[in-house]
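A.B. asks: After the structure tokens below, expect a handful of questions from me.
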Amino acid sequence: MKKYKCVIFDCDGVLVDSEVIGNQVFADMANELGAQIDLEYALKHFKGSFLNECKAHISKLIGSDLPDTFEDEYRKRSFEAFKTNITPIEGVSDVLNKLTIPFCVASSGPESKIKLNLKLTGLLPYFKNNIFSCYTIQKWKPDPSVFLWAAETMGFKPNECVVIEDSLSGVRAAKQGGFDVLGFTAHDYNNELEAEATKTFNTMSSLLNMI
């Protein structure tokens, strides 16, 4: 008998294949300021992180403050890149079609970004209003607040939910909130998730049997 009553999905890297796109834009903009990093570096250090933490990291690399326009420019460039290149994670549509329990999305990104990427990949109708953004409550992973907010709004306790995450900060946030968390390792570049997640999986086709 399945023990979970609700599934809480992260968005980037779990529902939509956006991490490479967004981090390439971030690396390009950092390099324009003299950072001299590549995509591999960006994915290793910035994947799943709050943008302000990434900005602070780049600021240290270049030895100066970033322009005040950096975040707005990043959003503009990344949104354009998403429109051209983003795709759903392979197999996730089948998972959403077959789920028989409630589910939602809880992400570190702004709600506008979450909705854009879900719309571009055809996944938005699955979630309707069940979208929870860290920006709304101004608390970011590894703080568990966004997951706790999502669970409460959906009508469930943390121990009745399972979180699906692909980043270490997300896994730690879920665990801190009292959730089981399944780590999606398809793009676990640093091999970090297995040691901390409740369980891990590498393809979406194996997820349904785990929940």
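As shown in the structure tokens, the chain order sets the letters A, B, ...; within each chain, residues go from 1, and ligands are also counted from 1 in the order they appear.
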Would you kindly return, as a list in words, each protein, DNA or RNA residue with an atom no farther than 7 Å from any atom of A:Val163, considering only C-alpha atoms and excluding same-chain residues fewer than 5 positions away?
C.D. replies: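 That gives Val7, Ile8, Phe9, Ala174, Phe179, Asp180, Val181 and Leu182 of chain A.
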A.B. asks: As a list in words, please: the residues near A:Gly178 (cut-off 9 Å, only C-alpha atoms, same-chain neighbours under 4 positions excluded).
C.D. replies: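 Those residues are Pro144, Leu148, Pro158, Asn159, Ala173 and Ala174 of chain A.
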A.B. asks: Next, dump the selected residues to file, keeping only all heavy atoms, as a JSON list (two decimals), in the first residue's frame.
C.D. replies:
```json
[["chain", "number", "residue", "atom", "x", "y", "z"],
["A", 144, "PRO", "N", 12.86, 25.05, 4.77],
["A", 144, "PRO", "CA", 11.77, 24.18, 4.32],
["A", 144, "PRO", "C", 10.43, 24.89, 4.12],
["A", 144, "PRO", "O", 9.45, 24.24, 3.76],
["A", 144, "PRO", "CB", 11.65, 23.17, 5.46],
["A", 144, "PRO", "CG", 12.04, 23.95, 6.67],
["A", 144, "PRO", "CD", 13.14, 24.90, 6.21],
["A", 148, "LEU", "N", 6.56, 23.35, 3.38],
["A", 148, "LEU", "CA", 5.57, 23.35, 4.45],
["A", 148, "LEU", "C", 4.32, 24.11, 4.03],
["A", 148, "LEU", "O", 3.19, 23.69, 4.30],
["A", 148, "LEU", "CB", 6.17, 23.97, 5.72],
["A", 148, "LEU", "CG", 7.30, 23.16, 6.37],
["A", 148, "LEU", "CD1", 7.98, 23.99, 7.46],
["A", 148, "LEU", "CD2", 6.77, 21.86, 6.95],
["A", 158, "PRO", "N", 3.42, 17.03, 6.54],
["A", 158, "PRO", "CA", 4.67, 16.64, 5.87],
["A", 158, "PRO", "C", 4.87, 15.14, 5.74],
["A", 158, "PRO", "O", 5.33, 14.66, 4.69],
["A", 158, "PRO", "CB", 5.75, 17.28, 6.77],
["A", 158, "PRO", "CG", 5.09, 18.49, 7.31],
["A", 158, "PRO", "CD", 3.66, 18.07, 7.57],
["A", 159, "ASN", "N", 4.49, 14.37, 6.79],
["A", 159, "ASN", "CA", 4.72, 12.93, 6.71],
["A", 159, "ASN", "C", 3.76, 12.21, 5.77],
["A", 159, "ASN", "O", 3.88, 11.01, 5.55],
["A", 159, "ASN", "CB", 4.69, 12.30, 8.11],
["A", 159, "ASN", "CG", 3.34, 12.42, 8.80],
["A", 159, "ASN", "OD1", 2.38, 12.92, 8.22],
["A", 159, "ASN", "ND2", 3.27, 11.98, 10.05],
["A", 173, "ALA", "N", 16.16, 20.91, 2.36],
["A", 173, "ALA", "CA", 14.97, 21.65, 2.76],
["A", 173, "ALA", "C", 13.83, 20.69, 3.10],
["A", 173, "ALA", "O", 13.14, 20.84, 4.11],
["A", 173, "ALA", "CB", 14.53, 22.61, 1.65],
["A", 174, "ALA", "N", 13.63, 19.71, 2.24],
["A", 174, "ALA", "CA", 12.56, 18.73, 2.46],
["A", 174, "ALA", "C", 12.78, 17.95, 3.75],
["A", 174, "ALA", "O", 11.87, 17.79, 4.57],
["A", 174, "ALA", "CB", 12.46, 17.79, 1.27]]
```
A.B. asks: Set the distance at 9 Å and use only C-alpha atoms: which residues neighbour A:Phe103 once local chain neighbours fewer than 5 positions away are removed? I'd like the list as an NGL selection string.
C.D. replies: :A and (5-9 or 96 or 126-127 or 130 or 154)
A.B. asks: At most 10 Å is the cut-off: for each residue in stretch 89-191 of chain A with any atom that close to an atom of stretch 51-69 of chain A, write down the nearest atom pair and the distance in Å rounded to one decimal, counting only C-alpha atoms, chain first then increasing number, as a tab-separated table.
C.D. replies:
```
residue	atom	partner	partner_atom	distance
A:Ser108	CA	A:Leu51	CA	8.8
A:Gly109	CA	A:Leu51	CA	8.5
A:Trp140	CA	A:Leu51	CA	9.8
```
A.B. asks: Using only C-alpha atoms, which residue out of A:Phe50, A:Phe70, A:Phe26, A:Phe132 lies closest to A:Ser167?
C.D. replies: A:Phe50
A.B. asks: With only C-alpha atoms as the counted atoms, please give the residues lying no more than 7 Å from stretch 74-91 of chain A, apart from itself and same-chain residues fewer than 6 positions off, as a count of residues only.
C.D. replies: 13
A.B. asks: Would you work out the distance separating atom CA of A:Ala186 from atom CA of A:Gly13, expressed in Å to one decimal?
C.D. replies: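 Spanning atom CA of A:Ala186 to atom CA of A:Gly13 is a straight-line distance of 8.8 Å.
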